[in-house]
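Engineer: I'm passing along entry.tsv; it holds TSV, C-alpha atoms.
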```
chain	number	residue	atom	x	y	z
A	94	MET	CA	35.48	-3.43	-82.36
A	95	SER	CA	33.33	-2.91	-79.34
A	96	LEU	CA	34.00	-0.49	-76.53
A	97	LEU	CA	34.50	-3.41	-74.20
A	98	SER	CA	37.37	-4.80	-76.27
A	99	LEU	CA	38.98	-1.34	-76.57
A	100	ARG	CA	38.68	-0.94	-72.82
A	101	SER	CA	40.32	-4.33	-72.26
A	102	PHE	CA	43.33	-3.26	-74.33
A	103	GLY	CA	43.62	-0.13	-72.24
A	104	LEU	CA	42.92	2.27	-75.11
A	105	LEU	CA	39.89	3.98	-73.59
A	106	THR	CA	40.93	4.11	-69.97
A	107	LYS	CA	42.04	7.33	-68.34
A	108	ARG	CA	45.37	7.16	-66.64
A	109	SER	CA	45.29	8.17	-63.04
A	110	SER	CA	49.06	7.84	-62.65
A	111	PRO	CA	51.63	8.02	-65.47
A	112	LYS	CA	53.38	4.66	-65.66
A	113	GLY	CA	54.51	4.70	-69.28
A	114	PHE	CA	54.81	6.73	-72.43
A	115	THR	CA	52.02	7.64	-74.81
A	116	LEU	CA	52.16	6.97	-78.53
A	117	THR	CA	52.73	10.68	-79.19
A	118	GLU	CA	55.68	10.81	-76.81
A	119	ASN	CA	57.20	7.74	-78.46
A	120	LEU	CA	56.79	9.26	-81.95
A	121	VAL	CA	58.41	12.53	-80.86
A	122	ALA	CA	61.34	10.64	-79.33
A	123	LEU	CA	61.68	8.54	-82.50
A	124	MET	CA	61.72	11.71	-84.66
A	125	ILE	CA	64.43	13.30	-82.50
A	126	LEU	CA	66.49	10.10	-82.66
A	127	SER	CA	66.19	9.83	-86.45
A	128	ILE	CA	67.15	13.48	-86.99
A	129	THR	CA	70.18	13.04	-84.73
A	130	LEU	CA	71.28	9.89	-86.56
A	131	ALA	CA	70.76	11.52	-89.95
A	132	VAL	CA	73.13	14.31	-88.93
A	133	MET	CA	75.72	11.97	-87.40
A	134	PHE	CA	76.03	9.37	-90.18
A	135	PRO	CA	77.76	11.62	-92.77
A	136	ALA	CA	80.23	12.79	-90.13
A	137	PHE	CA	80.94	9.20	-89.11
A	138	PHE	CA	81.59	8.07	-92.70
A	139	SER	CA	83.73	11.14	-93.37
A	140	GLN	CA	85.83	10.34	-90.31
A	141	SER	CA	86.13	6.73	-91.43
A	142	MET	CA	87.40	7.77	-94.89
A	143	GLU	CA	89.90	10.20	-93.35
A	144	SER	CA	91.17	7.46	-91.04
A	145	ALA	CA	91.75	5.10	-93.99
A	146	LYS	CA	93.58	7.85	-95.89
A	147	ASN	CA	95.83	8.54	-92.89
A	148	ARG	CA	96.56	4.82	-92.50
A	149	ARG	CA	97.57	4.63	-96.18
A	150	LEU	CA	99.83	7.68	-95.78
A	151	SER	CA	101.37	6.27	-92.61
A	152	GLY	CA	102.22	3.04	-94.43
A	153	ALA	CA	103.73	5.02	-97.32
A	154	VAL	CA	105.96	7.02	-94.95
A	155	THR	CA	107.10	3.78	-93.31
A	156	VAL	CA	107.97	2.26	-96.70
A	157	ALA	CA	109.84	5.43	-97.75
A	158	ASN	CA	111.83	5.50	-94.50
A	159	SER	CA	112.70	1.84	-94.90
A	160	THR	CA	113.89	2.48	-98.46
A	161	LEU	CA	115.99	5.47	-97.40
A	162	ASN	CA	117.50	3.50	-94.53
A	163	ASP	CA	118.55	0.84	-97.04
A	164	PHE	CA	120.32	3.56	-99.04
A	165	ARG	CA	121.98	5.01	-95.93
A	166	ARG	CA	123.69	1.69	-95.25
A	167	MET	CA	125.24	1.65	-98.75
A	168	THR	CA	128.64	2.93	-99.80
A	169	LEU	CA	129.06	5.29	-102.74
A	170	ASP	CA	130.14	2.37	-104.93
A	171	GLU	CA	127.00	0.43	-104.00
A	172	LEU	CA	124.90	3.51	-104.81
A	173	ASP	CA	126.62	3.78	-108.19
A	174	ALA	CA	125.45	0.27	-108.97
A	175	LYS	CA	121.86	1.48	-108.43
A	176	LEU	CA	122.07	4.65	-110.57
A	177	GLY	CA	118.90	5.29	-112.56
A	178	LYS	CA	115.26	4.40	-111.98
A	179	THR	CA	114.11	1.21	-110.24
A	180	THR	CA	110.66	0.05	-109.21
A	181	GLU	CA	109.61	-2.47	-106.61
A	182	THR	CA	106.48	-3.45	-104.72
A	183	LYS	CA	106.18	-3.55	-100.93
A	184	GLU	CA	103.29	-4.32	-98.60
A	185	GLN	CA	102.66	-2.36	-95.41
A	186	LEU	CA	99.55	-1.99	-93.20
A	187	GLY	CA	97.44	-3.97	-95.66
A	188	PHE	CA	98.28	-1.78	-98.67
A	189	GLN	CA	100.33	-2.74	-101.72
A	190	TYR	CA	102.80	0.11	-102.40
A	191	THR	CA	104.76	0.71	-105.58
A	192	VAL	CA	108.15	2.21	-104.73
A	193	VAL	CA	109.81	4.16	-107.55
A	194	ARG	CA	113.42	5.04	-106.73
A	195	TYR	CA	115.68	7.41	-108.64
A	196	VAL	CA	119.40	7.48	-107.82
A	197	CYS	CA	121.01	10.26	-109.83
A	198	THR	CA	123.98	12.57	-109.96
A	199	GLY	CA	121.63	15.39	-111.03
A	200	LEU	CA	117.84	15.34	-111.15
A	201	SER	CA	116.15	17.42	-113.84
A	202	ASP	CA	112.68	17.95	-112.33
A	203	VAL	CA	111.36	16.12	-109.29
A	204	ASN	CA	107.76	17.05	-110.10
A	205	ASP	CA	107.98	15.34	-113.49
A	206	PRO	CA	106.37	11.87	-113.26
A	207	ASP	CA	108.93	10.59	-115.77
A	208	ALA	CA	111.88	12.33	-114.15
A	209	THR	CA	115.14	11.97	-115.97
A	210	CYS	CA	118.43	12.12	-114.22
A	211	SER	CA	122.09	12.14	-114.98
A	212	THR	CA	123.77	8.85	-114.13
A	213	ALA	CA	127.37	9.82	-114.72
A	214	PRO	CA	129.21	8.55	-111.63
A	215	ASN	CA	131.93	11.25	-111.69
A	216	ASP	CA	130.17	13.52	-109.18
A	217	LEU	CA	130.37	12.73	-105.44
A	218	ILE	CA	126.77	13.76	-104.71
A	219	ARG	CA	123.92	11.33	-105.29
A	220	GLU	CA	120.38	12.69	-105.37
A	221	ILE	CA	117.80	10.15	-104.33
A	222	LEU	CA	114.09	10.52	-104.99
A	223	VAL	CA	111.63	7.97	-103.61
A	224	LYS	CA	108.04	8.06	-104.86
A	225	ILE	CA	105.41	5.91	-103.17
A	226	GLU	CA	102.23	5.07	-105.07
A	227	VAL	CA	99.09	3.01	-104.46
A	228	ASN	CA	97.20	1.92	-107.59
A	229	ASN	CA	99.25	4.39	-109.69
A	230	GLU	CA	98.13	7.24	-107.43
A	231	PRO	CA	100.99	9.20	-105.80
A	232	VAL	CA	100.83	9.03	-102.02
A	233	TYR	CA	104.20	10.25	-100.74
A	234	ASP	CA	107.46	11.62	-102.20
A	235	VAL	CA	110.75	12.18	-100.44
A	236	GLN	CA	114.03	13.49	-101.82
A	237	THR	CA	117.45	13.58	-100.24
A	238	ALA	CA	121.10	13.90	-101.19
A	239	PHE	CA	124.00	11.65	-100.21
A	240	THR	CA	127.63	12.60	-100.39
A	241	LEU	CA	131.01	11.60	-98.99
A	242	LEU	CA	132.14	13.65	-96.03
```
Would you give me this structure, written as structure tokens?
Structural biologist:
Amino acid sequence: MSLLSLRSFGLLTKRSSPKGFTLTENLVALMILSITLAVMFPAFFSQSMESAKNRRLSGAVTVANSTLNDFRRMTLDELDAKLGKTTETKEQLGFQYTVVRYVCTGLSDVNDPDATCSTAPNDLIREILVKIEVNNEPVYDVQTAFTLL
């Protein structure tokens, strides 16, 4: 390439007044931008994962409250008809939840995944355990007791 062609592209001219950015300034700005983005991306994805986890938990709490409200509307005789373990599936906030309900007169161990309970209806107290799962992964558990006043 001749000097004339380089001069026509503006590569060999001296700038008398700064009207733009040089290649070096652009490269430095690009480096600063890429370092900033490299630091921000992991934090963004971490926040996104945490948000999805909180949405799943919020849906599980809603399903558990709905299930407990259904039990609260029942009489003791209706609860006796539901003694034992039952499982159902509910959808909330885009997640498919498995609801495992235990209605017992005495629960052996609530931390046992295969909890056993007494279903003899002679006691006036009913222990209710609701376990919410997504893809067989426990998300939320709630336990309460119902009795006649």
Engineer: Select, from A:Leu123, A:Met167, A:Ala157, A:Met142, the residue with the minimum atom-to-atom distance to Glu184 (chain A), counting all atoms listed in the file.
Structural biologist: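 Of A:Leu123, A:Met167, A:Ala157, A:Met142, the one nearest Glu184 (chain A) is A:Ala157, counting all atoms listed in the file.
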Engineer: Just want the 8 Å neighbourhood of Leu186 (chain A), counted on all atoms listed in the file, with same-chain residues fewer than 5 positions away dropped. Output as a ChimeraX atom specification.
Structural biologist: /A:148-149,152
Engineer: Take CA of Tyr233 (chain A) and CA of Thr179 (chain A) and report the distance between them in Å, one decimal.
Structural biologist: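 Computing the Euclidean distance for CA of Tyr233 (chain A) and CA of Thr179 (chain A) yields 16.4 Å.
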Engineer: Using all atoms listed in the file, which of the listed residues (A:Asn229, A:Gln236, A:Thr168, A:Thr180) sits closest to Leu217 (chain A)?
Structural biologist: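 For Leu217 (chain A), the nearest of the candidates is A:Thr168.
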Engineer: Which value, in Å to one decimal, gives the distance between CA of Thr191 (chain A) and CA of Ala145 (chain A)?
Structural biologist: 18.0 Å
Engineer: May I ask you to restore N, CA and C atoms in region 125-158 of chain A and write the result as an mmCIF file, in the coordinates of the input?
Structural biologist:
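Result file selection_0.cif:
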```cif
data_model
loop_
_atom_site.group_PDB
_atom_site.id
_atom_site.type_symbol
_atom_site.label_atom_id
_atom_site.label_comp_id
_atom_site.auth_asym_id
_atom_site.auth_seq_id
_atom_site.Cartn_x
_atom_site.Cartn_y
_atom_site.Cartn_z
ATOM 1 N N ILE A 125 63.185 12.668 -82.977
ATOM 2 C CA ILE A 125 64.430 13.300 -82.500
ATOM 3 C C ILE A 125 65.616 12.370 -82.719
ATOM 4 N N LEU A 126 65.423 11.078 -82.447
ATOM 5 C CA LEU A 126 66.490 10.100 -82.660
ATOM 6 C C LEU A 126 66.864 9.998 -84.130
ATOM 7 N N SER A 127 65.866 9.954 -85.017
ATOM 8 C CA SER A 127 66.190 9.830 -86.450
ATOM 9 C C SER A 127 66.851 11.077 -87.002
ATOM 10 N N ILE A 128 66.476 12.250 -86.537
ATOM 11 C CA ILE A 128 67.150 13.480 -86.990
ATOM 12 C C ILE A 128 68.590 13.487 -86.509
ATOM 13 N N THR A 129 68.824 13.094 -85.276
ATOM 14 C CA THR A 129 70.180 13.040 -84.730
ATOM 15 C C THR A 129 71.057 12.062 -85.505
ATOM 16 N N LEU A 130 70.517 10.884 -85.793
ATOM 17 C CA LEU A 130 71.280 9.890 -86.560
ATOM 18 C C LEU A 130 71.545 10.352 -87.978
ATOM 19 N N ALA A 131 70.577 11.029 -88.582
ATOM 20 C CA ALA A 131 70.760 11.520 -89.950
ATOM 21 C C ALA A 131 71.880 12.557 -90.017
ATOM 22 N N VAL A 132 72.056 13.324 -88.971
ATOM 23 C CA VAL A 132 73.130 14.310 -88.930
ATOM 24 C C VAL A 132 74.473 13.641 -88.634
ATOM 25 N N MET A 133 74.468 12.599 -87.816
ATOM 26 C CA MET A 133 75.720 11.970 -87.400
ATOM 27 C C MET A 133 76.311 11.020 -88.427
ATOM 28 N N PHE A 134 75.507 10.358 -89.234
ATOM 29 C CA PHE A 134 76.030 9.370 -90.180
ATOM 30 C C PHE A 134 77.022 9.939 -91.178
ATOM 31 N N PRO A 135 76.745 11.082 -91.841
ATOM 32 C CA PRO A 135 77.760 11.620 -92.770
ATOM 33 C C PRO A 135 79.075 11.949 -92.067
ATOM 34 N N ALA A 136 79.003 12.477 -90.857
ATOM 35 C CA ALA A 136 80.230 12.790 -90.130
ATOM 36 C C ALA A 136 80.998 11.519 -89.788
ATOM 37 N N PHE A 137 80.287 10.466 -89.425
ATOM 38 C CA PHE A 137 80.940 9.200 -89.110
ATOM 39 C C PHE A 137 81.644 8.622 -90.333
ATOM 40 N N PHE A 138 80.973 8.621 -91.496
ATOM 41 C CA PHE A 138 81.590 8.070 -92.700
ATOM 42 C C PHE A 138 82.749 8.942 -93.175
ATOM 43 N N SER A 139 82.636 10.248 -93.008
ATOM 44 C CA SER A 139 83.730 11.140 -93.370
ATOM 45 C C SER A 139 84.954 10.856 -92.502
ATOM 46 N N GLN A 140 84.734 10.664 -91.230
ATOM 47 C CA GLN A 140 85.830 10.340 -90.310
ATOM 48 C C GLN A 140 86.458 8.999 -90.655
ATOM 49 N N SER A 141 85.636 8.057 -91.053
ATOM 50 C CA SER A 141 86.130 6.730 -91.430
ATOM 51 C C SER A 141 87.012 6.816 -92.677
ATOM 52 N N MET A 142 86.605 7.602 -93.663
ATOM 53 C CA MET A 142 87.400 7.770 -94.890
ATOM 54 C C MET A 142 88.721 8.476 -94.581
ATOM 55 N N GLU A 143 88.689 9.475 -93.722
ATOM 56 C CA GLU A 143 89.900 10.200 -93.350
ATOM 57 C C GLU A 143 90.869 9.275 -92.608
ATOM 58 N N SER A 144 90.340 8.411 -91.784
ATOM 59 C CA SER A 144 91.170 7.460 -91.040
ATOM 60 C C SER A 144 91.873 6.485 -92.002
ATOM 61 N N ALA A 145 91.151 6.003 -93.001
ATOM 62 C CA ALA A 145 91.750 5.100 -93.990
ATOM 63 C C ALA A 145 92.835 5.811 -94.796
ATOM 64 N N LYS A 146 92.581 7.066 -95.138
ATOM 65 C CA LYS A 146 93.580 7.850 -95.890
ATOM 66 C C LYS A 146 94.837 8.054 -95.053
ATOM 67 N N ASN A 147 94.668 8.357 -93.769
ATOM 68 C CA ASN A 147 95.830 8.540 -92.890
ATOM 69 C C ASN A 147 96.590 7.242 -92.688
ATOM 70 N N ARG A 148 95.891 6.109 -92.631
ATOM 71 C CA ARG A 148 96.560 4.820 -92.500
ATOM 72 C C ARG A 148 97.387 4.509 -93.752
ATOM 73 N N ARG A 149 96.836 4.848 -94.930
ATOM 74 C CA ARG A 149 97.570 4.630 -96.180
ATOM 75 C C ARG A 149 98.810 5.508 -96.227
ATOM 76 N N LEU A 150 98.684 6.771 -95.792
ATOM 77 C CA LEU A 150 99.830 7.680 -95.780
ATOM 78 C C LEU A 150 100.873 7.226 -94.774
ATOM 79 N N SER A 151 100.431 6.761 -93.620
ATOM 80 C CA SER A 151 101.370 6.270 -92.610
ATOM 81 C C SER A 151 102.170 5.079 -93.132
ATOM 82 N N GLY A 152 101.523 4.176 -93.829
ATOM 83 C CA GLY A 152 102.220 3.040 -94.430
ATOM 84 C C GLY A 152 103.214 3.490 -95.488
ATOM 85 N N ALA A 153 102.842 4.509 -96.284
ATOM 86 C CA ALA A 153 103.730 5.020 -97.320
ATOM 87 C C ALA A 153 104.977 5.660 -96.714
ATOM 88 N N VAL A 154 104.807 6.396 -95.625
ATOM 89 C CA VAL A 154 105.960 7.020 -94.950
ATOM 90 C C VAL A 154 106.873 5.936 -94.390
ATOM 91 N N THR A 155 106.295 4.884 -93.836
ATOM 92 C CA THR A 155 107.100 3.780 -93.310
ATOM 93 C C THR A 155 107.909 3.108 -94.415
ATOM 94 N N VAL A 156 107.276 2.874 -95.563
ATOM 95 C CA VAL A 156 107.970 2.260 -96.700
ATOM 96 C C VAL A 156 109.084 3.174 -97.199
ATOM 97 N N ALA A 157 108.818 4.482 -97.287
ATOM 98 C CA ALA A 157 109.840 5.430 -97.750
ATOM 99 C C ALA A 157 111.015 5.474 -96.785
ATOM 100 N N ASN A 158 110.739 5.494 -95.487
ATOM 101 C CA ASN A 158 111.830 5.500 -94.500
ATOM 102 C C ASN A 158 112.653 4.224 -94.574
#
```
